[in-house]
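Asks: Contents of coords-v7.csv (CSV, C-alpha atoms and all ligand atoms) are below:
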chain,number,residue,atom,x,y,z
A,1,MET,CA,-8.8,-19.7,-6.3
A,2,LYS,CA,-7.4,-17.9,-3.2
A,3,LYS,CA,-8.6,-14.4,-2.4
A,4,LEU,CA,-6.1,-11.6,-2.5
A,5,LEU,CA,-4.9,-9.4,0.4
A,6,ASP,CA,-3.0,-6.2,-0.3
A,7,VAL,CA,-0.9,-4.8,2.5
A,8,ILE,CA,-0.2,-1.0,2.1
A,9,VAL,CA,2.9,0.3,3.8
A,10,PRO,CA,3.7,4.1,3.7
A,11,VAL,CA,7.5,4.6,3.9
A,12,TYR,CA,9.3,7.8,4.6
A,13,ASN,CA,13.0,7.7,5.5
A,14,GLU,CA,12.7,4.2,7.1
A,15,CYS,CA,15.9,2.6,6.0
A,16,ALA,CA,16.7,1.7,9.6
A,17,CYS,CA,13.5,-0.4,9.8
A,18,ILE,CA,12.4,-1.4,6.4
A,19,SER,CA,14.4,-4.7,5.9
A,20,GLU,CA,13.1,-6.0,9.3
A,21,THR,CA,9.6,-4.8,8.5
A,22,ILE,CA,9.7,-6.7,5.2
A,23,GLN,CA,10.9,-9.9,7.0
A,24,ARG,CA,8.0,-9.6,9.5
A,25,LEU,CA,5.6,-9.0,6.6
A,26,PHE,CA,7.0,-12.1,4.9
A,27,ASN,CA,6.2,-14.0,8.2
A,28,LEU,CA,2.6,-12.8,7.9
A,29,ARG,CA,2.5,-14.0,4.3
A,30,ASN,CA,3.6,-17.4,5.4
A,31,LEU,CA,1.0,-17.4,8.2
A,32,LEU,CA,-1.8,-16.7,5.7
A,33,ILE,CA,-0.5,-18.7,2.7
A,34,ASP,CA,-3.1,-21.5,3.0
A,35,GLU,CA,-5.9,-19.0,2.9
A,36,LEU,CA,-4.8,-15.9,0.9
A,37,GLU,CA,-2.6,-14.6,-1.8
A,38,VAL,CA,-0.7,-11.7,-0.2
A,39,ASN,CA,0.8,-8.7,-2.0
A,40,PHE,CA,2.7,-5.8,-0.4
A,41,ILE,CA,2.3,-2.3,-1.7
A,42,PHE,CA,5.1,-0.1,-0.4
A,43,VAL,CA,4.6,3.6,-1.0
A,44,ASN,CA,7.8,5.5,-0.8
A,45,ASP,CA,6.8,9.0,0.2
A,46,GLY,CA,9.9,10.8,-1.2
A,47,SER,CA,12.4,9.3,1.2
A,48,LYS,CA,15.8,11.0,1.2
A,49,ASP,CA,17.6,8.0,2.6
A,50,LYS,CA,18.1,4.5,1.0
A,51,SER,CA,14.6,3.3,1.7
A,52,LEU,CA,13.7,3.2,-2.0
A,53,ASP,CA,16.9,1.3,-2.9
A,54,ILE,CA,16.1,-1.3,-0.3
A,55,LEU,CA,12.5,-1.6,-1.5
A,56,LYS,CA,13.7,-1.9,-5.1
A,57,SER,CA,16.1,-4.8,-4.2
A,58,PHE,CA,13.3,-6.8,-2.6
A,59,ALA,CA,10.9,-6.0,-5.5
A,60,MET,CA,13.5,-7.4,-8.0
A,61,LYS,CA,13.4,-10.8,-6.2
A,62,TYR,CA,9.8,-11.0,-5.2
A,63,PRO,CA,7.0,-10.1,-7.6
A,64,PHE,CA,4.6,-9.8,-4.7
A,65,VAL,CA,6.6,-6.8,-3.4
A,66,LYS,CA,5.2,-3.8,-5.2
A,67,VAL,CA,6.6,-0.3,-5.0
A,68,ILE,CA,5.2,3.1,-5.8
A,69,GLY,CA,7.7,6.0,-5.5
A,70,PHE,CA,6.5,9.5,-5.2
A,71,SER,CA,8.3,12.4,-6.8
A,72,ARG,CA,8.6,14.1,-3.4
A,73,ASN,CA,7.2,13.9,0.1
A,74,PHE,CA,3.4,14.3,-0.1
A,75,GLY,CA,2.6,13.0,3.4
A,76,HIS,CA,1.6,9.9,5.2
A,77,GLN,CA,-2.2,10.1,4.5
A,78,ILE,CA,-1.6,10.7,0.7
A,79,ALA,CA,0.8,7.7,0.6
A,80,VAL,CA,-1.9,5.5,2.1
A,81,SER,CA,-4.4,6.9,-0.4
A,82,ALA,CA,-2.0,6.1,-3.3
A,83,GLY,CA,-1.7,2.5,-1.9
A,84,LEU,CA,-5.5,2.3,-2.0
A,85,ASP,CA,-5.6,3.6,-5.6
A,86,TYR,CA,-3.2,0.9,-6.7
A,87,SER,CA,-4.7,-2.0,-4.6
A,88,LYS,CA,-6.8,-4.7,-6.3
A,89,GLY,CA,-7.1,-7.1,-3.4
A,90,ASP,CA,-10.4,-8.5,-2.0
A,91,TYR,CA,-9.0,-7.3,1.3
A,92,VAL,CA,-6.7,-4.3,2.0
A,93,ALA,CA,-4.6,-3.8,5.2
A,94,ILE,CA,-2.8,-0.6,6.1
A,95,ILE,CA,0.2,-0.7,8.4
A,96,ASP,CA,3.1,1.6,9.3
A,97,ALA,CA,6.6,0.8,8.3
A,98,ASP,CA,8.2,1.0,11.8
A,99,LEU,CA,6.8,-2.2,13.3
A,100,GLN,CA,4.9,-0.3,16.0
A,101,ASP,CA,1.9,-2.3,14.8
A,102,PRO,CA,2.8,-6.0,14.8
A,103,PRO,CA,2.2,-7.3,11.2
A,104,GLU,CA,1.2,-10.7,12.4
A,105,LEU,CA,-1.9,-9.2,13.9
A,106,ILE,CA,-3.3,-8.7,10.4
A,107,LYS,CA,-3.9,-12.5,10.5
A,108,ASP,CA,-6.0,-12.0,13.6
A,109,MET,CA,-7.8,-9.1,11.9
A,110,TYR,CA,-8.5,-11.3,8.9
A,111,MET,CA,-10.0,-14.1,11.1
A,112,LEU,CA,-12.2,-11.7,13.0
A,113,LEU,CA,-13.4,-10.1,9.7
A,114,LYS,CA,-14.1,-13.4,8.0
A,115,ASP,CA,-15.6,-15.3,11.0
A,116,GLY,CA,-17.8,-12.3,12.1
A,117,GLY,CA,-18.8,-11.3,8.6
A,118,HIS,CA,-17.5,-7.7,9.2
A,119,ASP,CA,-16.3,-5.2,6.7
A,120,ILE,CA,-13.7,-3.4,8.8
A,121,VAL,CA,-11.4,-4.5,11.6
A,122,TYR,CA,-9.5,-1.6,13.1
A,123,GLY,CA,-6.6,-1.8,15.6
A,124,LYS,CA,-7.4,-0.1,18.8
A,125,ARG,CA,-4.4,0.7,21.0
A,126,LEU,CA,-4.4,-0.4,24.6
A,127,LYS,CA,-0.9,0.6,25.5
A,128,ARG,CA,1.6,2.6,23.6
A,129,LYS,CA,5.1,1.6,24.6
A,130,SER,CA,7.8,4.2,25.2
A,131,GLU,CA,5.9,7.1,23.6
A,132,THR,CA,6.3,10.5,25.2
A,133,PHE,CA,3.7,11.7,27.8
A,134,PHE,CA,3.0,14.6,25.4
A,135,LYS,CA,2.3,12.3,22.5
A,136,LYS,CA,0.0,10.0,24.5
A,137,PHE,CA,-1.8,12.8,26.2
A,138,SER,CA,-2.3,14.9,23.0
A,139,ALA,CA,-3.5,11.8,21.1
A,140,TYR,CA,-5.9,10.9,24.0
A,141,ALA,CA,-7.3,14.4,24.1
A,142,PHE,CA,-7.4,14.9,20.4
A,143,TYR,CA,-9.5,11.7,19.7
A,144,ARG,CA,-12.0,12.8,22.3
A,145,LEU,CA,-12.2,16.4,21.1
A,146,LEU,CA,-12.7,15.2,17.6
A,147,ASN,CA,-15.5,12.9,18.5
A,148,SER,CA,-17.3,15.6,20.5
A,149,MET,CA,-17.2,17.8,17.3
A,150,CYS,CA,-18.1,15.2,14.6
A,151,GLN,CA,-21.5,13.8,13.7
A,152,ILE,CA,-19.9,10.4,12.8
A,153,ASN,CA,-18.3,8.2,15.4
A,154,ILE,CA,-14.5,8.1,14.9
A,155,PRO,CA,-13.0,5.3,17.0
A,156,THR,CA,-10.8,6.7,19.8
A,157,ASP,CA,-7.2,5.5,20.2
A,158,THR,CA,-7.2,4.2,16.7
A,159,GLY,CA,-4.7,4.9,13.9
A,160,ASP,CA,-4.7,3.7,10.3
A,161,PHE,CA,-3.7,0.1,11.2
A,162,ARG,CA,-6.7,-1.8,9.9
A,163,LEU,CA,-8.1,-4.4,7.5
A,164,ILE,CA,-11.0,-3.5,5.1
A,165,THR,CA,-12.8,-5.2,2.4
A,166,ARG,CA,-12.7,-4.2,-1.3
A,167,GLU,CA,-16.1,-2.7,-1.0
A,168,VAL,CA,-14.9,-0.4,1.8
A,169,ALA,CA,-11.7,0.4,-0.1
A,170,GLU,CA,-13.7,1.5,-3.2
A,171,ALA,CA,-16.0,3.6,-1.1
A,172,VAL,CA,-13.0,5.4,0.5
A,173,LYS,CA,-11.4,5.8,-3.0
A,174,SER,CA,-14.6,7.5,-4.2
A,175,MET,CA,-13.9,10.4,-1.8
A,176,PRO,CA,-11.9,13.0,-3.8
A,177,GLU,CA,-10.9,15.3,-0.9
A,178,LYS,CA,-7.3,16.6,-0.9
A,179,HIS,CA,-7.0,17.0,2.9
A,180,ARG,CA,-7.2,13.4,3.8
A,181,PHE,CA,-7.8,11.9,7.2
A,182,ILE,CA,-8.1,8.2,6.6
A,183,ARG,CA,-9.0,7.2,10.1
A,184,GLY,CA,-12.1,9.5,9.8
A,185,MET,CA,-12.8,8.7,6.1
A,186,VAL,CA,-13.2,5.0,6.8
A,187,PRO,CA,-15.8,5.4,9.5
A,188,TRP,CA,-17.5,8.0,7.4
A,189,VAL,CA,-18.3,5.5,4.6
A,190,GLY,CA,-20.1,3.3,7.2
A,191,PHE,CA,-20.2,-0.5,7.0
A,192,ASP,CA,-19.8,-2.9,9.8
A,193,SER,CA,-16.7,-2.4,11.9
A,194,VAL,CA,-15.1,-4.0,15.0
A,195,PRO,CA,-12.0,-3.2,17.0
A,196,LEU,CA,-9.1,-5.5,17.5
A,197,TYR,CA,-7.4,-4.5,20.8
A,198,TYR,CA,-3.6,-4.6,20.9
A,199,ASN,CA,-0.6,-3.1,22.6
A,200,ARG,CA,1.4,-0.8,20.4
A,201,ASP,CA,5.1,-1.7,20.3
A,202,GLU,CA,8.1,0.6,20.2
A,203,ARG,CA,9.3,1.9,16.9
A,204,PHE,CA,11.8,-0.8,15.7
A,205,ALA,CA,14.5,1.8,14.9
A,206,GLY,CA,15.0,5.4,13.8
A,207,GLU,CA,13.0,8.5,14.8
A,208,THR,CA,9.3,9.3,14.4
A,209,LYS,CA,8.5,10.9,11.1
A,210,TYR,CA,5.7,12.9,12.7
A,211,PRO,CA,7.2,16.0,14.2
A,212,LEU,CA,4.8,18.4,15.9
A,213,SER,CA,4.1,20.4,12.7
A,214,LYS,CA,2.9,17.2,10.9
A,215,MET,CA,0.9,16.1,14.0
A,216,LEU,CA,-0.8,19.4,14.1
A,217,LYS,CA,-1.6,19.3,10.4
A,218,LEU,CA,-3.1,15.9,10.8
A,219,ALA,CA,-5.2,17.0,13.8
A,220,PHE,CA,-6.4,20.1,11.9
A,221,ASP,CA,-7.3,18.0,8.9
A,222,GLY,CA,-9.3,15.7,11.2
A,223,ILE,CA,-11.2,18.6,12.8
A,224,PHE,CA,-11.7,20.9,9.9
A,225,SER,CA,-12.5,18.2,7.4
A,226,PHE,CA,-15.1,16.5,9.6
A,227,SER,CA,-16.8,19.2,11.5
A,228,VAL,CA,-18.2,22.7,11.1
A,229,LYS,CA,-18.5,23.1,14.8
A,230,PRO,CA,-15.6,25.5,15.0
A,231,LEU,CA,-17.6,28.0,12.9
A,232,LYS,CA,-20.5,27.6,15.3
A,233,PHE,CA,-18.1,28.3,18.1
A,234,ILE,CA,-17.3,31.7,16.6
A,235,THR,CA,-21.0,32.7,16.7
A,236,ASP,CA,-21.3,31.5,20.3
A,237,ALA,CA,-18.1,33.4,21.3
A,238,GLY,CA,-19.4,36.5,19.5
A,239,ILE,CA,-22.6,36.4,21.5
A,240,ALA,CA,-20.7,35.8,24.8
A,241,LEU,CA,-18.4,38.6,24.1
A,242,PHE,CA,-21.2,41.0,23.3
A,243,ILE,CA,-22.7,40.3,26.7
A,244,MET,CA,-19.3,40.7,28.4
A,245,ALA,CA,-18.6,43.9,26.6
A,246,ALA,CA,-22.0,45.3,27.6
A,247,ALA,CA,-21.3,44.3,31.2
A,248,ALA,CA,-17.8,45.9,31.1
A,249,PHE,CA,-19.3,49.1,29.7
A,250,ALA,CA,-21.9,49.2,32.5
A,251,ALA,CA,-19.3,48.4,35.1
A,252,GLY,CA,-17.0,51.1,33.7
A,253,ILE,CA,-19.8,53.7,34.1
A,254,PHE,CA,-21.0,52.5,37.5
A,255,PHE,CA,-17.7,52.0,39.2
A,256,ARG,CA,-15.8,54.7,37.2
A,257,CYS,CA,-13.5,51.9,36.1
A,258,SER,CA,-9.9,52.6,35.1
A,259,VAL,CA,-8.9,52.7,31.4
A,260,SER,CA,-6.7,49.6,31.8
A,261,VAL,CA,-9.6,47.3,32.4
A,262,ILE,CA,-11.5,48.6,29.4
A,263,SER,CA,-8.3,48.3,27.2
A,264,SER,CA,-7.7,44.8,28.3
A,265,VAL,CA,-11.2,43.9,27.3
A,266,VAL,CA,-10.6,45.5,23.9
A,267,LEU,CA,-7.3,43.5,23.5
A,268,PHE,CA,-9.2,40.3,24.5
A,269,VAL,CA,-11.8,41.0,21.9
A,270,GLY,CA,-9.1,41.7,19.3
A,271,ALA,CA,-7.4,38.4,20.0
A,272,LEU,CA,-10.6,36.5,19.7
A,273,GLN,CA,-11.4,38.2,16.4
A,274,MET,CA,-8.0,37.0,15.1
A,275,ILE,CA,-8.7,33.5,16.3
A,276,ALA,CA,-12.1,33.6,14.6
A,277,LEU,CA,-10.5,34.8,11.4
A,278,GLY,CA,-8.0,32.0,11.6
A,279,ILE,CA,-10.8,29.4,12.0
A,280,ILE,CA,-12.6,30.9,9.0
A,281,GLY,CA,-9.2,30.9,7.2
A,282,GLU,CA,-8.8,27.1,7.7
A,283,TYR,CA,-12.0,26.5,5.9
A,284,VAL,CA,-11.4,29.0,3.1
A,285,GLY,CA,-7.9,27.5,2.6
A,286,ARG,CA,-9.4,24.1,2.2
A,287,ILE,CA,-11.9,25.4,-0.3
A,288,PHE,CA,-9.0,26.9,-2.2
A,289,GLU,CA,-7.0,23.6,-2.1
A,290,GLU,CA,-10.1,21.7,-3.4
A,291,SER,CA,-10.9,24.2,-6.1
A,292,LYS,CA,-7.4,23.9,-7.7
A,293,ASN,CA,-8.2,20.2,-8.3
A,294,ARG,CA,-4.6,19.2,-8.5
A,295,PRO,CA,-3.7,15.5,-8.4
A,296,LEU,CA,-3.1,14.1,-4.9
A,297,TYR,CA,0.4,12.9,-5.7
A,298,ILE,CA,2.9,12.4,-8.5
A,299,VAL,CA,4.4,9.0,-9.1
A,300,LYS,CA,8.0,8.7,-10.2
A,301,ASP,CA,8.7,5.0,-9.8
A,302,LYS,CA,6.5,2.0,-10.2
A,303,ILE,CA,7.8,-1.6,-9.7
A,304,ASN,CA,5.8,-4.8,-10.1
A,305,LEU,CA,2.6,-2.8,-10.7
B,401,LIG,N1,5.2,8.5,6.8
B,401,LIG,C1,5.1,8.9,5.5
B,401,LIG,N2,5.2,10.2,5.1
B,401,LIG,C2,5.5,11.2,6.0
B,401,LIG,C3,5.6,10.8,7.4
B,401,LIG,C4,5.5,9.4,7.8
B,401,LIG,O1,4.8,8.0,4.6
B,401,LIG,O2,5.6,12.3,5.7
B,401,LIG,C5,5.1,7.1,7.2
B,401,LIG,C6,6.2,6.5,8.1
B,401,LIG,O3,7.3,6.0,7.3
B,401,LIG,C7,5.5,5.4,8.8
B,401,LIG,C8,4.1,6.0,9.0
B,401,LIG,O4,3.9,7.0,8.0
B,401,LIG,O5,5.4,4.2,8.1
B,401,LIG,C9,3.8,6.6,10.4
B,401,LIG,O6,4.9,7.5,10.7
B,401,LIG,P1,5.6,7.4,12.2
B,401,LIG,O7,5.7,6.0,12.6
B,401,LIG,O8,6.9,8.2,12.1
B,401,LIG,O9,4.6,8.2,13.1
B,401,LIG,P2,4.3,7.9,14.6
B,401,LIG,O10,4.0,6.5,14.8
B,401,LIG,O11,5.5,8.4,15.3
B,401,LIG,O12,3.1,8.8,14.9
B,402,MG,MG,5.3,5.0,14.3
Re-express the file's structure as structure tokens.

Replies:
Amino acid sequence: MKKLLDVIVPVYNECACISETIQRLFNLRNLLIDELEVNFIFVNDGSKDKSLDILKSFAMKYPFVKVIGFSRNFGHQIAVSAGLDYSKGDYVAIIDADLQDPPELIKDMYMLLKDGGHDIVYGKRLKRKSETFFKKFSAYAFYRLLNSMCQINIPTDTGDFRLITREVAEAVKSMPEKHRFIRGMVPWVGFDSVPLYYNRDERFAGETKYPLSKMLKLAFDGIFSFSVKPLKFITDAGIALFIMAAAAFAAGIFFRCSVSVISSVVLFVGALQMIALGIIGEYVGRIFEESKNRPLYIVKDKINL
């Protein structure tokens, strides 16, 4: 009997892309048909456009097109997590709905995984076509900052586009955290992983669904869920400030320094205290979210599942 591959696709307001994406995913299915049974799990993350209707129309015709519909927008990482929860395949792939990651590469990932006996093949971006300088630079800097703060090695220039085995999927599913950062959670569980280098295409149509606010939330989830170094930074900053304040005090006495220098030092210390409180707040907020123990998402529609 053929083994099963589930392809998880999170979808949020992608009606401009989704039909083309489905066609390309069907191409992938044809490419793999001799080796694998392929199912698609589309997770509609509370889209406000016609994405769900389009998905439903495909699901009516093709039983291997499966749809989960959330009751509202819960976020990209939660949508991927729901896909993992519903997946049963021996292999699970994750891919965005906008065709920036070419679906056909999942076949290459599968070959690499099978031939090399690996557990994870992750897509590592070489070039990112027509993305803004800000996005490229912030992503470049973020992945390197994150790695300098974490004890585990989170691959740089790598999103969620990847293929994993059932064993890895189960390990990730066993992590109950609410603030989910899948591209960190997969390396956290360990196993044997290899990159597949590729050039990231342009979005097929429509706008990014990651405005700055969502990008920042994802970046914060990466840092604060995978590192306690920011807390250590507060202690270090406190020690440095203590020394600076002592030096400013001595200088004030020695040089009969003006009040404005002293007051700017006080303001600086005040600002740093606010930042420190903010950092502590990020962790406290996360403890609060975890302690409520709410479900990660609410499902409203389920088709072919
Ligand atoms: N997405 C989602 N929920 C959201 C935002 C995005 O499910 O709240 C999906 C989106 O439809 C796409 C993927 O997550 O399949 C990545 O989003 P996008 O391509 O807009 O991000 P970018 O590539 O610009 O970072
Ligand atoms: Mg995209």

Asks: For a test of reading the model, state the distance in Å between CA of Leu4 in chain A and CA of Pro195 in chain A, rounded to one decimal.

Replies: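 According to the coordinates, CA of Leu4 in chain A and CA of Pro195 in chain A are separated by 22.0 Å.
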
Asks: Which residues, written as a list in words, have at least one atom at most 8 Å from range 162-171 of chain A, with all atoms listed in the file counted and residues fewer than 3 positions away on the same chain left out?

Replies: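 Result of the neighbour search: Leu84, Lys88, Gly89, Asp90, Tyr91, Val92, Ala93, Ile94, Ile95, Ile106, Met109, Tyr110, Asp119, Ile120, Val121, Tyr122, Gly123, Ser174, Met175, Val186, Val189 and Phe191 of chain A.
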
Asks: Give as a tab-separated table (two decimals) with C-alpha atoms, in the frame of the given file the residues surrounding ligand MG 402 (chain B) up to a distance of 7 Å, considering only C-alpha atoms and all ligand atoms.

Replies:
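Generated output (part_6.tsv):
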chain	number	residue	atom	x	y	z
A	96	ASP	CA	3.10	1.60	9.30
A	98	ASP	CA	8.20	1.00	11.80
A	100	GLN	CA	4.90	-0.30	16.00
A	203	ARG	CA	9.30	1.90	16.90
A	208	THR	CA	9.30	9.30	14.40

Asks: Suppose you want the space between atom N2 of ligand LIG 401 (chain B) and CA of Asn13 in chain A; what is it in Å?

Replies: 8.2 Å

Asks: Have a look at A:Gly83, A:Gly270, A:Pro176, A:Gly206 and name the one nearest to Glu289 in chain A; count all atoms listed in the file.

Replies: A:Pro176

Asks: Could you please determine the separation between CA of Ile78 in chain A and atom O1 of ligand LIG 401 (chain B) in Å, to one decimal place?

Replies: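 Separation between CA of Ile78 in chain A and atom O1 of ligand LIG 401 (chain B): 8.0 Å.
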
Asks: Restore all heavy atoms in range 112-122 of chain A and list the result as a compact mmCIF listing (two decimals), in the coordinates of the input.

Replies:
# COMPACT_ATOMS: atom_id res chain seq x y z
N LEU A 112 -11.02 -12.36 12.35
CA LEU A 112 -12.20 -11.70 13.00
C LEU A 112 -13.13 -11.17 11.88
O LEU A 112 -14.35 -11.30 12.00
CB LEU A 112 -11.59 -10.47 13.76
CG LEU A 112 -12.51 -9.72 14.71
CD1 LEU A 112 -13.09 -10.66 15.74
CD2 LEU A 112 -11.71 -8.61 15.43
N LEU A 113 -12.55 -10.63 10.82
CA LEU A 113 -13.40 -10.10 9.70
C LEU A 113 -14.16 -11.19 9.04
O LEU A 113 -15.37 -11.09 8.83
CB LEU A 113 -12.44 -9.38 8.73
CG LEU A 113 -13.12 -8.62 7.59
CD1 LEU A 113 -12.56 -7.21 7.50
CD2 LEU A 113 -12.89 -9.31 6.27
N LYS A 114 -13.45 -12.31 8.77
CA LYS A 114 -14.10 -13.40 8.00
C LYS A 114 -15.13 -14.12 8.89
O LYS A 114 -16.26 -14.29 8.49
CB LYS A 114 -12.99 -14.40 7.60
CG LYS A 114 -13.41 -15.31 6.47
CD LYS A 114 -12.31 -16.27 6.12
CE LYS A 114 -12.05 -17.19 7.28
NZ LYS A 114 -11.40 -18.43 7.01
N ASP A 115 -14.72 -14.48 10.12
CA ASP A 115 -15.60 -15.30 11.00
C ASP A 115 -16.85 -14.45 11.39
O ASP A 115 -17.95 -14.98 11.53
CB ASP A 115 -14.91 -15.78 12.22
CG ASP A 115 -13.81 -16.76 11.82
OD1 ASP A 115 -13.84 -17.22 10.67
OD2 ASP A 115 -12.91 -17.03 12.64
N GLY A 116 -16.64 -13.14 11.62
CA GLY A 116 -17.80 -12.30 12.10
C GLY A 116 -18.56 -11.71 10.96
O GLY A 116 -19.56 -11.03 11.19
N GLY A 117 -18.09 -11.88 9.72
CA GLY A 117 -18.80 -11.30 8.60
C GLY A 117 -18.70 -9.75 8.60
O GLY A 117 -19.61 -9.08 8.13
N HIS A 118 -17.62 -9.20 9.17
CA HIS A 118 -17.50 -7.70 9.20
C HIS A 118 -16.84 -7.19 7.96
O HIS A 118 -16.30 -7.94 7.16
CB HIS A 118 -16.62 -7.34 10.45
CG HIS A 118 -17.09 -7.94 11.74
ND1 HIS A 118 -18.28 -7.60 12.33
CD2 HIS A 118 -16.53 -8.89 12.53
CE1 HIS A 118 -18.43 -8.29 13.44
NE2 HIS A 118 -17.38 -9.09 13.59
N ASP A 119 -16.89 -5.85 7.85
CA ASP A 119 -16.30 -5.20 6.70
C ASP A 119 -14.97 -4.50 7.05
O ASP A 119 -14.13 -4.25 6.19
CB ASP A 119 -17.24 -4.15 6.10
CG ASP A 119 -18.59 -4.76 5.76
OD1 ASP A 119 -18.62 -5.60 4.85
OD2 ASP A 119 -19.58 -4.42 6.43
N ILE A 120 -14.87 -4.12 8.32
CA ILE A 120 -13.70 -3.40 8.80
C ILE A 120 -13.25 -3.91 10.14
O ILE A 120 -14.08 -4.07 11.03
CB ILE A 120 -14.02 -1.86 8.97
CG1 ILE A 120 -14.52 -1.22 7.66
CG2 ILE A 120 -12.82 -1.08 9.54
CD1 ILE A 120 -15.22 0.12 7.85
N VAL A 121 -11.95 -4.19 10.27
CA VAL A 121 -11.40 -4.50 11.60
C VAL A 121 -10.31 -3.43 11.84
O VAL A 121 -9.36 -3.34 11.07
CB VAL A 121 -10.81 -5.89 11.73
CG1 VAL A 121 -10.22 -6.10 13.11
CG2 VAL A 121 -11.87 -6.94 11.44
N TYR A 122 -10.48 -2.60 12.88
CA TYR A 122 -9.50 -1.60 13.10
C TYR A 122 -8.69 -1.87 14.42
O TYR A 122 -9.25 -2.39 15.38
CB TYR A 122 -10.09 -0.16 13.20
CG TYR A 122 -11.22 -0.01 14.17
CD1 TYR A 122 -10.98 0.39 15.49
CD2 TYR A 122 -12.54 -0.24 13.79
CE1 TYR A 122 -12.03 0.54 16.40
CE2 TYR A 122 -13.58 -0.09 14.69
CZ TYR A 122 -13.32 0.29 15.99
OH TYR A 122 -14.35 0.44 16.88
